[in-house]
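One structure is given below, encoded as structure tokens.
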Amino acid sequence: MERKKIALITGATSGMGRQFVLQIQEAATWLDEIWAIARKQEELEKLQREVEGIRIFSMNLTNREDLKKLQNLLAEEQPELEFLVNSAGAGVQKKIEDTAISDLWNMTQLNVSALTAVTGICLPYCKKGCQVLCLASGAAFVPQPGFAVYAATKSYVLSFSRALRKEWQGRLTVTAVCPGPVDTPFLEKMGGKDRMPSYKKWFLAKPEAVVRKALKDSRKGKELSVYGSSVKALRVLCKILPHRLIINFL
């Protein structure tokens, strides 16, 4: 029996995750299914009504039982992954002393532990040439006071993606997606535009454009997908200047 060709996308119901579902569904017409994973069943059902050819899975990826369900599902169905998109994430834009311990815990668990576990679970089913996209951030390039835990988790995603790319060289394409601020519901969950430094508001990107570039860069086999001139400039500065100097201006 021929194995199904699928894309698996976490954080699929809003923001960039939703855009990955829409744009992969439109472009990768050879796929048999898109597996959309998110926490809220009602949002998943809404997405399923809007997009053909998707299967929905309500899972909390910080829950070990749900991770085991995903592992068992893949073992049972034995699909071929052509895309793996790690888009689920959490962020709070506050000083550490002002952030609830539950929020600190959730950021590290979802952005780091869950992303790592999902990737490890999925790797055995990734066909040669599978495109793996991990949502990092421009915040990954330098420590960011007032955004410390989120930036640290995204530095992990960037480092992890680069190492995985080397380990699976010739078999997978691994791309770390590193945009600046993106105008999505996730931004509101982090504290909204009012909590953003004023200079960042000038560089707000549209999720459609960020995802379009990410998929294009992934097809080209690029290590990084950096959207926007401001983030590209930050990346260059971080290579030239010491971080202790840069963080004074963030």
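Here's how to read the names in the structure tokens: chain A, B, ... by the order shown, residue numbers from 1 in each chain, ligand numbers from 1 in the order shown.
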Each residue of range 46-88 of chain A with at least one atom at most 9 Å from range 15-38 of chain A should appear once, together with its nearest atom pair and the corresponding distance in Å (one decimal); atoms considered: only C-alpha atoms; ordering: chain, then increasing residue number; output as JSON lines.
{"residue": "A:Leu47", "atom": "CA", "partner": "A:Arg18", "partner_atom": "CA", "distance": 8.3}
{"residue": "A:Gln48", "atom": "CA", "partner": "A:Ala36", "partner_atom": "CA", "distance": 8.8}
{"residue": "A:Val51", "atom": "CA", "partner": "A:Leu22", "partner_atom": "CA", "distance": 7.2}
{"residue": "A:Glu52", "atom": "CA", "partner": "A:Gln25", "partner_atom": "CA", "distance": 8.0}
{"residue": "A:Gly53", "atom": "CA", "partner": "A:Glu33", "partner_atom": "CA", "distance": 5.3}
{"residue": "A:Ile54", "atom": "CA", "partner": "A:Ile34", "partner_atom": "CA", "distance": 4.5}
{"residue": "A:Arg55", "atom": "CA", "partner": "A:Trp35", "partner_atom": "CA", "distance": 4.9}
{"residue": "A:Ile56", "atom": "CA", "partner": "A:Ala36", "partner_atom": "CA", "distance": 4.9}
{"residue": "A:Phe57", "atom": "CA", "partner": "A:Ile37", "partner_atom": "CA", "distance": 4.9}
{"residue": "A:Ser58", "atom": "CA", "partner": "A:Ala38", "partner_atom": "CA", "distance": 5.4}
{"residue": "A:Met59", "atom": "CA", "partner": "A:Ala38", "partner_atom": "CA", "distance": 5.7}
{"residue": "A:Asn60", "atom": "CA", "partner": "A:Ala38", "partner_atom": "CA", "distance": 7.1}
{"residue": "A:Leu61", "atom": "CA", "partner": "A:Ala38", "partner_atom": "CA", "distance": 8.3}
{"residue": "A:Glu82", "atom": "CA", "partner": "A:Leu31", "partner_atom": "CA", "distance": 8.1}
{"residue": "A:Phe83", "atom": "CA", "partner": "A:Ile24", "partner_atom": "CA", "distance": 8.7}
{"residue": "A:Val85", "atom": "CA", "partner": "A:Phe20", "partner_atom": "CA", "distance": 7.8}
{"residue": "A:Asn86", "atom": "CA", "partner": "A:Gly17", "partner_atom": "CA", "distance": 8.3}
{"residue": "A:Ser87", "atom": "CA", "partner": "A:Gly17", "partner_atom": "CA", "distance": 5.4}
{"residue": "A:Ala88", "atom": "CA", "partner": "A:Gly17", "partner_atom": "CA", "distance": 7.2}
Store the residues picked out above, limited to C-alpha atoms, as a JSON list (two decimals), in the first residue's frame.
[["chain", "number", "residue", "atom", "x", "y", "z"],
["A", 47, "LEU", "CA", -10.00, 25.77, 9.63],
["A", 48, "GLN", "CA", -11.14, 22.41, 8.30],
["A", 51, "VAL", "CA", -9.41, 24.37, 3.69],
["A", 52, "GLU", "CA", -9.80, 21.15, 1.74],
["A", 53, "GLY", "CA", -7.65, 18.11, 2.32],
["A", 54, "ILE", "CA", -6.67, 18.69, 5.93],
["A", 55, "ARG", "CA", -6.96, 16.48, 8.98],
["A", 56, "ILE", "CA", -7.20, 18.15, 12.35],
["A", 57, "PHE", "CA", -5.74, 17.06, 15.67],
["A", 58, "SER", "CA", -6.45, 18.84, 18.93],
["A", 59, "MET", "CA", -3.26, 18.41, 20.95],
["A", 60, "ASN", "CA", -1.41, 20.23, 23.70],
["A", 61, "LEU", "CA", 2.18, 19.61, 22.69],
["A", 82, "GLU", "CA", 7.21, 16.18, 2.82],
["A", 83, "PHE", "CA", 6.85, 19.21, 5.10],
["A", 85, "VAL", "CA", 6.47, 23.05, 10.13],
["A", 86, "ASN", "CA", 7.13, 23.76, 13.81],
["A", 87, "SER", "CA", 4.99, 26.87, 14.19],
["A", 88, "ALA", "CA", 3.48, 26.47, 17.67]]
Write out as a Markdown table a residue-level contact list of range 26-139 of chain A versus range 223-230 of chain A with cut-off 10 Å: for each qualifying residue the closest pair of atoms and the distance in Å to one decimal, counting only C-alpha atoms, rows sorted by chain and residue number upward.
| residue | atom | partner | partner_atom | distance |
| --- | --- | --- | --- | --- |
| A:Leu133 | CA | A:Ser225 | CA | 9.4 |
| A:Cys134 | CA | A:Leu224 | CA | 9.7 |
| A:Leu135 | CA | A:Ser225 | CA | 9.6 |
| A:Ala136 | CA | A:Leu224 | CA | 9.6 |
| A:Ser137 | CA | A:Val226 | CA | 8.5 |
| A:Gly138 | CA | A:Val226 | CA | 7.6 |
Mind writing the picked residues with C-alpha atoms as a compact mmCIF listing (two decimals), in the first residue's frame?
# COMPACT_ATOMS: atom_id res chain seq x y z
CA LEU A 133 10.80 24.75 8.90
CA CYS A 134 11.29 25.85 12.50
CA LEU A 135 9.83 29.16 13.61
CA ALA A 136 12.56 31.07 15.38
CA SER A 137 12.67 34.88 15.40
CA GLY A 138 14.88 37.88 14.83
| said: Could you tell me how far CA of Ala90 in chain A sits from CA of Pro124 in chain A, in Å to one decimal place? | reply: 26.5 Å
| Residues of range 5-181 of chain A in helix (DSSP H, G or I), written as a VMD selection string | chain A and resid 15 to 27 41 to 50 64 to 77 96 to 98 101 to 125 138 to 141 148 to 167
| note | Leu8 in chain A proximity check over A:Gly91, A:Lys222, A:Ala114, A:Cys122, using only C-alpha atoms: winner is A:Cys122
Neighbour list for Leu234 in chain A as an mmCIF file with C-alpha atoms, in the first residue's frame, cut-off 10 Å, only C-alpha atoms, skip fewer than 2 positions in-chain:
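Result file follows (selection.cif):
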data_model
loop_
_atom_site.group_PDB
_atom_site.id
_atom_site.type_symbol
_atom_site.label_atom_id
_atom_site.label_comp_id
_atom_site.auth_asym_id
_atom_site.auth_seq_id
_atom_site.Cartn_x
_atom_site.Cartn_y
_atom_site.Cartn_z
ATOM 1 C CA GLY A 138 14.882 37.884 14.833
ATOM 2 C CA ALA A 139 15.007 37.867 18.641
ATOM 3 C CA PHE A 141 20.181 36.819 17.246
ATOM 4 C CA VAL A 142 20.762 38.735 20.496
ATOM 5 C CA GLY A 180 10.941 40.524 13.164
ATOM 6 C CA SER A 229 15.524 44.883 6.171
ATOM 7 C CA SER A 230 15.532 45.705 9.887
ATOM 8 C CA VAL A 231 16.085 42.080 10.918
ATOM 9 C CA LYS A 232 18.726 41.601 8.243
ATOM 10 C CA VAL A 236 24.736 41.839 10.538
ATOM 11 C CA LEU A 237 25.222 44.054 13.602
ATOM 12 C CA CYS A 238 25.166 41.003 15.855
ATOM 13 C CA LYS A 239 28.085 39.584 13.890
ATOM 14 C CA ILE A 240 30.096 42.779 14.207
ATOM 15 C CA ILE A 246 23.594 46.043 21.183
#
| query | Quick one: of A:Asn248, A:Thr173, A:Thr153, A:Gln78, who's nearest to Arg3 in chain A, counting only C-alpha atoms? | reply |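 Checking each candidate against Arg3 in chain A, we get A:Gln78 as the closest.
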| query | When distances are computed from only C-alpha atoms, which of A:Arg244, A:Val112, A:Thr10, A:Gln93 shows the smallest separation from Val157 in chain A? | reply | A:Val112
| message | So that I can check the surroundings of Ala140 in chain A, please list as a PyMOL selection string every protein, DNA and RNA residue that reaches within 10 Å of it, counting only C-alpha atoms and ignoring chain neighbours fewer than 5 positions away. | response | chain A and resi 150-159+178-180+235
| message | Quick check for you: according to DSSP on this backbone, which residues of range 46-156 of chain A are classed as strand (DSSP E)? Reply as a list in words. | response |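 Assigned to strand (DSSP E), within range 46-156 of chain A: Ile54, Arg55, Ile56, Phe57, Ser58, Glu80, Leu81, Glu82, Phe83, Leu84, Val85, Asn86, Cys126, Lys127, Lys128, Gly129, Cys130, Gln131, Val132, Leu133, Cys134 and Leu135 of chain A.
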Shell of 9 Å around Leu81 in chain A, only C-alpha atoms, local chain residues under 2 positions omitted, as an mmCIF file with N, CA, C and O atoms, in the first residue's frame:
data_model
loop_
_atom_site.group_PDB
_atom_site.id
_atom_site.type_symbol
_atom_site.label_atom_id
_atom_site.label_comp_id
_atom_site.auth_asym_id
_atom_site.auth_seq_id
_atom_site.Cartn_x
_atom_site.Cartn_y
_atom_site.Cartn_z
ATOM 1 N N LYS A 4 0.943 7.641 2.378
ATOM 2 C CA LYS A 4 0.423 8.981 2.129
ATOM 3 C C LYS A 4 1.532 10.009 2.243
ATOM 4 O O LYS A 4 2.403 9.928 3.113
ATOM 5 N N LYS A 5 1.489 10.982 1.359
ATOM 6 C CA LYS A 5 2.410 12.109 1.417
ATOM 7 C C LYS A 5 1.705 13.241 2.162
ATOM 8 O O LYS A 5 0.622 13.673 1.755
ATOM 9 N N ILE A 6 2.330 13.707 3.236
ATOM 10 C CA ILE A 6 1.657 14.693 4.078
ATOM 11 C C ILE A 6 2.574 15.857 4.448
ATOM 12 O O ILE A 6 3.800 15.778 4.333
ATOM 13 N N ALA A 7 1.924 16.934 4.894
ATOM 14 C CA ALA A 7 2.600 18.020 5.602
ATOM 15 C C ALA A 7 2.048 18.032 7.015
ATOM 16 O O ALA A 7 0.844 17.845 7.215
ATOM 17 N N LEU A 8 2.899 18.221 7.998
ATOM 18 C CA LEU A 8 2.469 18.308 9.391
ATOM 19 C C LEU A 8 2.829 19.690 9.908
ATOM 20 O O LEU A 8 3.995 20.102 9.850
ATOM 21 N N PRO A 79 3.034 7.585 7.378
ATOM 22 C CA PRO A 79 3.030 8.501 6.234
ATOM 23 C C PRO A 79 4.450 8.911 5.852
ATOM 24 O O PRO A 79 5.411 8.643 6.587
ATOM 25 N N PHE A 83 6.655 17.947 4.378
ATOM 26 C CA PHE A 83 6.852 19.209 5.098
ATOM 27 C C PHE A 83 6.625 18.952 6.585
ATOM 28 O O PHE A 83 5.667 18.290 6.972
ATOM 29 N N LEU A 84 7.507 19.501 7.403
ATOM 30 C CA LEU A 84 7.294 19.568 8.843
ATOM 31 C C LEU A 84 7.476 21.028 9.246
ATOM 32 O O LEU A 84 8.564 21.592 9.068
ATOM 33 N N CYS A 122 8.881 13.046 14.528
ATOM 34 C CA CYS A 122 8.582 13.063 13.092
ATOM 35 C C CYS A 122 9.744 12.626 12.193
ATOM 36 O O CYS A 122 9.518 12.166 11.068
ATOM 37 N N LEU A 123 10.957 12.765 12.666
ATOM 38 C CA LEU A 123 12.118 12.504 11.806
ATOM 39 C C LEU A 123 12.099 11.136 11.113
ATOM 40 O O LEU A 123 12.447 11.041 9.927
ATOM 41 N N TYR A 125 9.850 9.617 9.784
ATOM 42 C CA TYR A 125 8.865 9.578 8.704
ATOM 43 C C TYR A 125 9.133 10.640 7.631
ATOM 44 O O TYR A 125 8.373 10.739 6.666
ATOM 45 N N CYS A 126 10.202 11.399 7.812
ATOM 46 C CA CYS A 126 10.553 12.426 6.830
ATOM 47 C C CYS A 126 11.217 11.769 5.624
ATOM 48 O O CYS A 126 12.266 11.127 5.757
ATOM 49 N N LYS A 127 10.616 11.930 4.461
ATOM 50 C CA LYS A 127 11.203 11.370 3.254
ATOM 51 C C LYS A 127 12.424 12.195 2.871
ATOM 52 O O LYS A 127 12.607 13.327 3.336
ATOM 53 N N CYS A 130 12.627 16.161 2.515
ATOM 54 C CA CYS A 130 11.587 16.795 3.325
ATOM 55 C C CYS A 130 12.030 18.202 3.743
ATOM 56 O O CYS A 130 13.187 18.422 4.094
ATOM 57 N N GLN A 131 11.108 19.142 3.682
ATOM 58 C CA GLN A 131 11.384 20.512 4.092
ATOM 59 C C GLN A 131 10.921 20.710 5.530
ATOM 60 O O GLN A 131 9.738 20.630 5.831
#
| task | Compile the contact shell of range 62-68 of chain A as a ChimeraX atom specification: residues with an atom at most 9 Å away, counting only C-alpha atoms, same-chain residues fewer than 6 positions apart removed. | result | /A:106,109-110,113-114,117-118,121
Can I get the selected residues back with N, CA and C atoms, as an mmCIF file, in the first residue's frame?
data_model
loop_
_atom_site.group_PDB
_atom_site.id
_atom_site.type_symbol
_atom_site.label_atom_id
_atom_site.label_comp_id
_atom_site.auth_asym_id
_atom_site.auth_seq_id
_atom_site.Cartn_x
_atom_site.Cartn_y
_atom_site.Cartn_z
ATOM 1 N N ASN A 106 5.595 27.935 30.427
ATOM 2 C CA ASN A 106 4.926 27.618 29.163
ATOM 3 C C ASN A 106 5.791 27.991 27.964
ATOM 4 N N GLN A 109 8.574 25.395 27.683
ATOM 5 C CA GLN A 109 8.050 24.075 27.339
ATOM 6 C C GLN A 109 7.571 23.997 25.895
ATOM 7 N N LEU A 110 6.850 25.010 25.433
ATOM 8 C CA LEU A 110 6.309 24.968 24.081
ATOM 9 C C LEU A 110 7.366 25.306 23.035
ATOM 10 N N SER A 113 10.957 22.542 24.449
ATOM 11 C CA SER A 113 10.766 21.105 24.679
ATOM 12 C C SER A 113 9.810 20.478 23.672
ATOM 13 N N ALA A 114 8.668 21.115 23.446
ATOM 14 C CA ALA A 114 7.682 20.546 22.524
ATOM 15 C C ALA A 114 8.203 20.533 21.092
ATOM 16 N N ALA A 117 10.668 17.701 20.819
ATOM 17 C CA ALA A 117 10.013 16.395 20.854
ATOM 18 C C ALA A 117 9.271 16.102 19.552
ATOM 19 N N VAL A 118 8.521 17.074 19.044
ATOM 20 C CA VAL A 118 7.777 16.875 17.796
ATOM 21 C C VAL A 118 8.737 16.553 16.652
ATOM 22 N N ILE A 121 10.013 13.011 17.049
ATOM 23 C CA ILE A 121 8.960 12.052 16.734
ATOM 24 C C ILE A 121 8.769 11.925 15.228
#
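As for CA of Ala233 in chain A and CA of Ala205 in chain A, they are spaced 15.3 Å apart.
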| Given only C-alpha atoms as the counted atoms, nearest of A:Gly129, A:Pro181, A:Pro242, A:Gly89 to Ala12 in chain A |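 Selected residue with least distance to Ala12 in chain A: A:Gly89.
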